[in-house]
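Undergrad: The structure file start24.cif (mmCIF, C-alpha atoms) is provided below.
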```cif
data_coords
#
loop_
_atom_site.label_atom_id
_atom_site.label_comp_id
_atom_site.auth_asym_id
_atom_site.auth_seq_id
_atom_site.Cartn_x
_atom_site.Cartn_y
_atom_site.Cartn_z
CA MET A 2 134.32 84.73 67.57
CA THR A 3 130.83 84.44 66.08
CA ASN A 4 127.76 85.64 67.96
CA ASN A 5 124.50 84.12 66.70
CA ASN A 6 122.28 86.46 68.76
CA LYS A 7 120.37 89.01 66.72
CA VAL A 8 120.22 92.61 67.82
CA PRO A 9 116.91 94.38 67.17
CA ILE A 10 117.24 96.97 64.43
CA VAL A 11 114.05 98.85 65.27
CA VAL A 12 112.79 99.66 68.76
CA TYR A 13 109.43 101.32 69.47
CA TYR A 14 108.75 103.37 72.59
CA ASP A 15 104.97 103.39 72.49
CA THR A 16 104.31 103.59 76.23
CA GLU A 17 105.71 105.48 79.20
CA THR A 18 104.95 102.87 81.88
CA SER A 19 105.42 99.11 82.24
CA ILE A 20 103.68 96.88 79.74
CA LEU A 21 101.22 94.55 81.51
CA ALA A 22 100.20 92.35 78.59
CA SER A 23 100.89 91.99 74.89
CA ASP A 24 100.26 89.71 71.96
CA TYR A 25 101.70 89.31 68.49
CA ARG A 26 100.06 87.86 65.40
CA SER A 27 102.62 86.66 62.87
CA SER A 28 100.14 86.25 59.99
CA ASP A 29 99.98 90.04 59.53
CA ASN A 30 102.80 91.22 61.87
CA LEU A 31 100.35 92.95 64.16
CA HIS A 32 101.46 93.68 67.73
CA ILE A 33 99.21 94.84 70.57
CA CYS A 34 100.12 95.84 74.11
CA ILE A 35 98.63 97.57 77.11
CA ASP A 36 100.56 99.36 79.85
CA GLU A 37 99.76 99.96 83.51
CA ALA A 38 98.45 103.47 82.76
CA GLY A 39 95.83 101.99 80.39
CA HIS A 40 97.45 102.93 77.08
CA PHE A 41 96.50 100.38 74.42
CA VAL A 42 98.80 100.30 71.40
CA MET A 43 98.27 98.44 68.13
CA ARG A 44 101.19 98.52 65.71
CA ASN A 45 101.72 96.94 62.31
CA LEU A 46 105.37 95.93 62.40
CA ASN A 47 105.54 95.85 58.60
CA ASN A 48 104.66 99.55 58.38
CA GLU A 49 106.07 101.72 61.17
CA LYS A 50 103.58 104.50 60.42
CA GLU A 51 100.59 102.23 61.10
CA CYS A 52 100.15 102.68 64.83
CA ASN A 53 97.05 103.29 66.89
CA LYS A 54 97.27 104.37 70.54
CA VAL A 55 94.20 104.71 72.76
CA LYS A 56 93.90 105.63 76.45
CA LEU A 57 91.55 103.21 78.21
CA PRO A 58 90.06 103.61 81.71
CA HIS A 59 92.35 102.65 84.58
CA TYR A 60 91.95 98.99 85.59
CA ASN A 61 94.23 96.21 86.72
CA TYR A 62 94.64 94.72 83.23
CA LYS A 63 95.51 91.02 83.11
CA ILE A 64 94.84 89.76 79.58
CA LEU A 65 95.41 91.10 76.11
CA LYS A 66 95.27 88.69 73.23
CA PHE A 67 93.99 88.20 69.73
CA ASN A 68 90.93 86.02 69.26
CA PRO A 69 92.28 82.95 67.41
CA ILE A 70 88.85 82.16 65.92
CA TYR A 71 87.82 85.59 64.65
CA PRO A 72 90.77 87.56 63.22
CA ASN A 73 88.96 90.89 63.59
CA GLN A 74 88.68 90.59 67.38
CA TYR A 75 90.89 90.85 70.42
CA PHE A 76 90.31 90.49 74.18
CA ILE A 77 91.19 92.84 77.01
CA GLY A 78 90.60 91.47 80.50
CA HIS A 79 90.74 93.08 83.92
CA GLU A 80 89.34 92.52 87.40
CA ASN A 81 85.75 93.38 86.42
CA SER A 82 85.27 91.73 83.02
CA LEU A 83 86.68 90.48 79.77
CA LYS A 84 85.94 92.82 76.89
CA ILE A 85 85.81 91.80 73.24
CA TYR A 86 86.88 94.48 70.75
CA ASP A 87 86.69 94.85 66.99
CA ILE A 88 90.19 95.30 65.60
CA ARG A 89 89.04 97.45 62.66
CA ASN A 90 87.74 100.33 64.77
CA ASN A 91 88.79 99.44 68.37
CA LEU A 92 85.16 99.52 69.50
CA GLU A 93 83.92 97.27 72.27
CA ILE A 94 81.65 94.48 71.00
CA ASP A 95 80.82 92.82 74.32
CA SER A 96 81.78 92.85 77.99
CA ILE A 97 81.52 89.59 79.92
CA GLU A 98 81.49 90.13 83.68
CA GLU A 99 81.64 86.39 84.44
CA PHE A 100 85.15 86.37 82.93
CA GLY A 101 86.45 89.08 85.27
CA ASN A 102 89.76 88.39 87.05
CA ALA A 103 90.73 85.87 84.39
CA LEU A 104 94.44 85.23 84.05
CA ASP A 105 94.08 83.70 80.61
CA VAL A 106 91.38 82.73 78.15
CA PHE A 107 91.25 79.92 75.60
CA ASN A 108 88.37 79.76 73.20
CA GLU A 109 86.75 78.08 70.27
CA SER A 110 83.70 79.41 68.43
CA ASN A 111 81.28 79.09 71.38
CA LYS A 112 83.32 77.67 74.29
CA PHE A 113 85.55 79.67 76.63
CA LEU A 114 87.99 78.14 79.07
CA ILE A 115 88.79 80.78 81.68
CA VAL A 116 91.90 80.43 83.84
CA LYS A 117 91.59 82.09 87.24
CA GLU A 118 93.70 81.90 90.38
CA GLU A 119 91.13 79.67 92.04
CA GLY A 120 90.75 77.24 89.12
CA LEU A 121 89.38 76.74 85.62
CA GLU A 122 85.89 77.48 84.35
CA LEU A 123 84.41 76.24 81.09
CA TYR A 124 81.60 78.36 79.63
CA ASN A 125 79.26 78.02 76.69
CA TYR A 126 78.82 81.43 75.05
CA TYR A 127 76.11 81.40 72.42
CA ASN A 128 73.95 84.32 71.18
CA LEU A 129 75.41 86.57 73.89
CA LYS A 130 74.25 84.12 76.61
CA ILE A 131 76.72 82.74 79.16
CA GLU A 132 76.34 79.32 80.76
CA LYS A 133 78.95 77.72 83.02
CA GLU A 134 79.35 74.08 82.03
CA LYS A 135 82.12 72.88 84.31
CA GLU A 136 84.74 74.08 86.75
CA TRP A 137 87.93 72.59 88.11
CA LYS A 138 89.48 73.68 91.39
CA ASP A 139 92.49 71.37 91.23
CA PHE A 140 94.42 71.57 88.01
CA GLY A 141 98.00 71.59 86.87
CA CYS A 142 98.69 72.23 83.24
CA VAL A 143 96.39 73.89 80.73
CA SER A 144 96.63 73.02 77.06
CA HIS A 145 94.68 74.50 74.18
CA VAL A 146 94.33 72.97 70.77
CA ASN A 147 92.58 74.89 68.00
CA LEU A 148 91.29 72.05 65.90
CA ASN A 149 89.47 74.28 63.42
CA THR A 150 92.37 73.71 61.05
CA ILE A 151 91.79 69.94 61.14
CA ASN A 152 88.87 68.37 59.27
CA LEU A 153 86.80 66.94 62.14
CA ASN A 154 83.07 66.51 62.63
CA ASN A 155 83.17 68.77 65.69
CA PRO A 156 85.99 71.33 65.48
CA ASP A 157 84.99 73.10 68.72
CA ILE A 158 87.22 71.42 71.25
CA ILE A 159 88.98 72.62 74.38
CA LEU A 160 91.26 70.18 76.19
CA VAL A 161 92.32 70.44 79.83
CA GLY A 162 94.91 68.22 81.44
CA ASN A 163 95.84 68.11 85.12
CA GLU A 164 98.88 66.82 87.00
CA SER A 165 97.24 63.49 87.84
CA GLY A 166 96.92 62.69 84.13
CA ASP A 167 93.19 63.33 83.75
CA LEU A 168 92.15 64.82 80.42
CA PHE A 169 88.91 66.77 80.10
CA HIS A 170 87.25 67.52 76.79
CA SER A 171 84.79 70.38 76.27
CA SER A 172 82.31 68.32 74.25
CA ILE A 173 82.18 65.35 76.64
CA ASP A 174 80.60 65.39 80.09
CA ASN A 175 83.25 64.37 82.64
#
```
Let me see whether you can do it: turn the structure in this file into C-alpha coordinates.
TA:
Amino acid sequence: MTNNNKVPIVVYYDTETSILASDYRSSDNLHICIDEAGHFVMRNLNNEKECNKVKLPHYNYKILKFNPIYPNQYFIGHENSLKIYDIRNNLEIDSIEEFGNALDVFNESNKFLIVKEEGLELYNYYNLKIEKEKEWKDFGCVSHVNLNTINLNNPDIILVGNESGDLFHSSIDN
(Lines of atoms letter the chains of each structure in order from A and count residues from 1; the text may use other names and numbers.)
(Lines give C-alpha, C1' and ligand atoms only; values in the text may rest on other atoms or scores of the structure.)
Protein backbone atom coordinates (compact mmCIF):
# COMPACT_ATOMS: atom_id res chain seq x y z
CA MET A 1 0.00 0.00 0.00
CA THR A 2 1.36 3.42 -0.98
CA ASN A 3 0.99 6.43 1.29
CA ASN A 4 1.38 9.77 -0.50
CA ASN A 5 1.49 11.82 2.73
CA LYS A 6 4.87 13.32 3.52
CA VAL A 7 6.26 13.13 7.02
CA PRO A 8 8.24 16.19 8.16
CA ILE A 9 11.93 15.43 8.42
CA VAL A 10 12.81 18.43 10.58
CA VAL A 11 10.74 19.77 13.47
CA TYR A 12 11.60 22.96 15.39
CA TYR A 13 10.52 23.57 18.97
CA ASP A 14 11.03 27.32 19.12
CA THR A 15 8.33 28.15 21.67
CA GLU A 16 7.05 26.71 24.93
CA THR A 17 3.43 27.88 24.63
CA SER A 18 0.76 27.86 21.92
CA ILE A 19 1.51 29.70 18.71
CA LEU A 20 -1.04 32.49 18.15
CA ALA A 21 -0.03 33.60 14.66
CA SER A 22 2.54 32.76 12.01
CA ASP A 23 3.47 33.48 8.43
CA TYR A 24 5.75 31.91 5.87
CA ARG A 25 7.42 33.54 2.88
CA SER A 26 8.35 31.00 0.23
CA SER A 27 10.60 33.36 -1.77
CA ASP A 28 13.34 33.07 0.89
CA ASN A 29 11.94 30.26 3.12
CA LEU A 30 11.52 32.63 6.04
CA HIS A 31 9.08 31.62 8.79
CA ILE A 32 7.85 33.88 11.60
CA CYS A 33 5.62 33.06 14.55
CA ILE A 34 4.53 34.50 17.86
CA ASP A 35 3.31 32.53 20.87
CA GLU A 36 0.93 33.45 23.67
CA ALA A 37 3.84 34.32 25.99
CA GLY A 38 5.05 36.96 23.50
CA HIS A 39 8.02 35.07 22.06
CA PHE A 40 8.60 36.16 18.46
CA VAL A 41 10.64 33.72 16.37
CA MET A 42 12.08 34.29 12.90
CA ARG A 43 13.68 31.25 11.28
CA ASN A 44 15.28 30.72 7.90
CA LEU A 45 14.18 27.21 6.97
CA ASN A 46 17.06 26.85 4.51
CA ASN A 47 19.62 27.30 7.29
CA GLU A 48 18.65 25.82 10.65
CA LYS A 49 21.24 27.93 12.47
CA GLU A 50 19.63 31.19 11.29
CA CYS A 51 17.06 31.78 14.02
CA ASN A 52 16.19 34.89 15.94
CA LYS A 53 14.01 34.74 19.07
CA VAL A 54 12.84 37.87 20.89
CA LYS A 55 10.58 38.26 23.94
CA LEU A 56 7.97 40.95 23.31
CA PRO A 57 5.68 42.57 25.89
CA HIS A 58 2.60 40.56 26.84
CA TYR A 59 -0.42 41.42 24.65
CA ASN A 60 -3.28 39.53 23.08
CA TYR A 61 -1.54 39.10 19.71
CA LYS A 62 -3.85 38.64 16.72
CA ILE A 63 -1.82 39.26 13.56
CA LEU A 64 1.65 38.36 12.39
CA LYS A 65 2.39 38.61 8.71
CA PHE A 66 4.94 39.75 6.20
CA ASN A 67 4.30 43.01 4.37
CA PRO A 68 3.67 41.92 0.76
CA ILE A 69 4.71 45.33 -0.61
CA TYR A 70 7.95 45.90 1.31
CA PRO A 71 9.96 42.68 1.78
CA ASN A 72 11.94 44.12 4.69
CA GLN A 73 8.85 44.63 6.85
CA TYR A 74 6.40 42.57 8.86
CA PHE A 75 3.33 43.39 10.97
CA ILE A 76 2.49 42.40 14.53
CA GLY A 77 -0.99 43.32 15.69
CA HIS A 78 -2.66 43.18 19.09
CA GLU A 79 -5.55 44.82 20.92
CA ASN A 80 -3.86 48.24 21.15
CA SER A 81 -2.20 48.71 17.76
CA LEU A 82 -0.61 47.28 14.67
CA LYS A 83 3.16 47.60 14.71
CA ILE A 84 5.37 47.66 11.63
CA TYR A 85 8.85 46.17 12.09
CA ASP A 86 12.01 46.12 10.02
CA ILE A 87 12.99 42.52 9.31
CA ARG A 88 16.73 43.27 9.18
CA ASN A 89 17.02 44.35 12.82
CA ASN A 90 13.57 43.60 14.34
CA LEU A 91 13.14 47.25 15.30
CA GLU A 92 9.73 48.88 15.36
CA ILE A 93 9.23 51.37 12.52
CA ASP A 94 5.72 52.55 13.37
CA SER A 95 2.79 51.79 15.65
CA ILE A 96 -0.71 52.51 14.35
CA GLU A 97 -3.29 52.68 17.14
CA GLU A 98 -6.22 52.98 14.70
CA PHE A 99 -5.45 49.43 13.55
CA GLY A 100 -5.72 47.96 17.06
CA ASN A 101 -7.90 44.84 17.47
CA ALA A 102 -7.51 44.03 13.79
CA LEU A 103 -8.05 40.39 12.88
CA ASP A 104 -6.29 40.74 9.55
CA VAL A 105 -4.69 43.40 7.39
CA PHE A 106 -4.44 43.70 3.62
CA ASN A 107 -2.37 46.45 2.14
CA GLU A 108 -0.96 48.10 -0.92
CA SER A 109 1.63 50.87 -0.88
CA ASN A 110 -0.59 53.47 0.84
CA LYS A 111 -3.95 51.75 1.47
CA PHE A 112 -4.77 49.44 4.37
CA LEU A 113 -7.88 47.32 4.60
CA ILE A 114 -8.36 46.37 8.24
CA VAL A 115 -10.59 43.44 9.16
CA LYS A 116 -12.16 43.74 12.61
CA GLU A 117 -14.95 41.83 14.32
CA GLU A 118 -17.34 44.72 13.77
CA GLY A 119 -16.54 45.21 10.06
CA LEU A 120 -13.99 46.44 7.55
CA GLU A 121 -12.16 49.75 7.51
CA LEU A 122 -10.23 51.19 4.58
CA TYR A 123 -7.48 53.66 5.46
CA ASN A 124 -5.15 55.87 3.47
CA TYR A 125 -1.70 55.84 5.10
CA TYR A 126 0.62 58.40 3.57
CA ASN A 127 3.63 60.15 5.17
CA LEU A 128 2.76 58.60 8.54
CA LYS A 129 -0.74 60.16 8.42
CA ILE A 130 -3.85 57.99 8.82
CA GLU A 131 -7.17 58.84 7.19
CA LYS A 132 -10.20 56.54 7.23
CA GLU A 133 -11.75 56.50 3.77
CA LYS A 134 -14.56 54.00 4.13
CA GLU A 135 -16.01 51.40 6.45
CA TRP A 136 -18.34 48.47 5.98
CA LYS A 137 -20.38 46.99 8.81
CA ASP A 138 -22.02 44.24 6.76
CA PHE A 139 -19.61 42.13 4.78
CA GLY A 140 -19.11 38.52 3.89
CA CYS A 141 -15.98 37.57 2.07
CA VAL A 142 -12.74 39.54 1.89
CA SER A 143 -10.47 39.20 -1.10
CA HIS A 144 -7.10 40.83 -1.66
CA VAL A 145 -5.36 41.16 -4.97
CA ASN A 146 -1.83 42.54 -5.13
CA LEU A 147 -1.82 44.03 -8.60
CA ASN A 148 1.69 45.46 -8.33
CA THR A 149 2.85 42.51 -10.42
CA ILE A 150 0.50 43.51 -13.25
CA ASN A 151 1.30 46.48 -15.48
CA LEU A 152 -1.59 48.85 -14.68
CA ASN A 153 -1.82 52.63 -14.51
CA ASN A 154 -2.80 52.44 -10.83
CA PRO A 155 -1.36 49.34 -9.13
CA ASP A 156 -2.66 50.31 -5.67
CA ILE A 157 -5.91 48.41 -5.50
CA ILE A 158 -7.79 46.70 -2.69
CA LEU A 159 -10.96 44.80 -3.57
CA VAL A 160 -13.73 43.91 -1.13
CA GLY A 161 -16.65 41.68 -1.98
CA ASN A 162 -19.68 40.96 0.20
CA GLU A 163 -22.27 38.19 0.23
CA SER A 164 -24.81 40.22 -1.74
CA GLY A 165 -22.40 40.44 -4.68
CA ASP A 166 -21.29 44.05 -4.22
CA LEU A 167 -17.67 44.74 -5.11
CA PHE A 168 -15.85 47.72 -3.63
CA HIS A 169 -12.63 49.11 -5.04
CA SER A 170 -10.18 51.21 -3.02
CA SER A 171 -9.62 53.79 -5.75
CA ILE A 172 -13.30 54.37 -6.55
CA ASP A 173 -15.79 56.12 -4.26
CA ASN A 174 -18.68 53.74 -3.59
Undergrad: Which residues are close to Ile35 (chain A), i.e. within 8 Å by all atoms listed in the file, leaving aside same-chain residues fewer than 4 positions away? Reply as a VMD selection string.
TA: chain A and resid 20 to 23 39 to 42 62 65
Undergrad: At a cut-off of 12 Å, using all atoms listed in the file, what residues contact Lys63 (chain A)? Leave out same-chain residues fewer than 3 positions from it and give the result as a count of residues only.
TA: 30
Undergrad: Counting only C-alpha atoms, I want the residues whose atoms come within 10 Å of (93.1, 106.7, 69.6) in the file frame, returned as a PDB file with C-alpha atoms, keeping the file's coordinate frame.
TA:
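Printed below is part-v9.pdb as written:
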```
ATOM      1  CA  HIS A  40      97.450 102.930  77.080  1.00  0.00           C
ATOM      2  CA  PHE A  41      96.500 100.380  74.420  1.00  0.00           C
ATOM      3  CA  VAL A  42      98.800 100.300  71.400  1.00  0.00           C
ATOM      4  CA  MET A  43      98.270  98.440  68.130  1.00  0.00           C
ATOM      5  CA  CYS A  52     100.150 102.680  64.830  1.00  0.00           C
ATOM      6  CA  ASN A  53      97.050 103.290  66.890  1.00  0.00           C
ATOM      7  CA  LYS A  54      97.270 104.370  70.540  1.00  0.00           C
ATOM      8  CA  VAL A  55      94.200 104.710  72.760  1.00  0.00           C
ATOM      9  CA  LYS A  56      93.900 105.630  76.450  1.00  0.00           C
ATOM     10  CA  LEU A  57      91.550 103.210  78.210  1.00  0.00           C
ATOM     11  CA  ASN A  90      87.740 100.330  64.770  1.00  0.00           C
ATOM     12  CA  ASN A  91      88.790  99.440  68.370  1.00  0.00           C
TER      13      ASN A  91
END
```
Undergrad: Restricting the calculation to all atoms listed in the file, which member of A:Asn30, A:Ala38, A:Tyr124, A:Ile94 is positioned closest to Glu51 (chain A)?
TA: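 The closest residue to Glu51 (chain A) is A:Asn30.
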Undergrad: So the first atom is CA of Leu31 (chain A) and the second is CA of Lys50 (chain A); what is the distance between them in Å, to one decimal place?
TA: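 Separation of CA of Leu31 (chain A) and CA of Lys50 (chain A): 12.6 Å.
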Undergrad: What does the distance from CA of Asp95 (chain A) to CA of Glu122 (chain A) come to in Å, to one decimal?
TA: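 Separation between CA of Asp95 (chain A) and CA of Glu122 (chain A): 19.0 Å.
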Undergrad: I'd like the residues picked by the PyMOL selection byres ((chain A and resi 130-136) around 9) written out as a PDB file with C-alpha atoms, keeping the file's coordinate frame, using the chain letters and numbers from the file.
TA:
```
ATOM      1  CA  ILE A  97      81.520  89.590  79.920  1.00  0.00           C
ATOM      2  CA  GLU A  99      81.640  86.390  84.440  1.00  0.00           C
ATOM      3  CA  GLY A 120      90.750  77.240  89.120  1.00  0.00           C
ATOM      4  CA  LEU A 121      89.380  76.740  85.620  1.00  0.00           C
ATOM      5  CA  GLU A 122      85.890  77.480  84.350  1.00  0.00           C
ATOM      6  CA  LEU A 123      84.410  76.240  81.090  1.00  0.00           C
ATOM      7  CA  TYR A 124      81.600  78.360  79.630  1.00  0.00           C
ATOM      8  CA  ASN A 125      79.260  78.020  76.690  1.00  0.00           C
ATOM      9  CA  TYR A 126      78.820  81.430  75.050  1.00  0.00           C
ATOM     10  CA  TYR A 127      76.110  81.400  72.420  1.00  0.00           C
ATOM     11  CA  ASN A 128      73.950  84.320  71.180  1.00  0.00           C
ATOM     12  CA  LEU A 129      75.410  86.570  73.890  1.00  0.00           C
ATOM     13  CA  TRP A 137      87.930  72.590  88.110  1.00  0.00           C
ATOM     14  CA  LYS A 138      89.480  73.680  91.390  1.00  0.00           C
ATOM     15  CA  SER A 171      84.790  70.380  76.270  1.00  0.00           C
ATOM     16  CA  ASP A 174      80.600  65.390  80.090  1.00  0.00           C
ATOM     17  CA  ASN A 175      83.250  64.370  82.640  1.00  0.00           C
TER      18      ASN A 175
END
```
Undergrad: At what distance in Å, to one decimal, does CA of Glu119 (chain A) lie from CA of Asp24 (chain A)?
TA: 24.2 Å
Undergrad: What residues come out when you apply the PyMOL selection byres ((chain A and resi 67) around 9) to this file, written as number ranges by chain?
TA: A: 24-26, 33, 65-66, 68-76
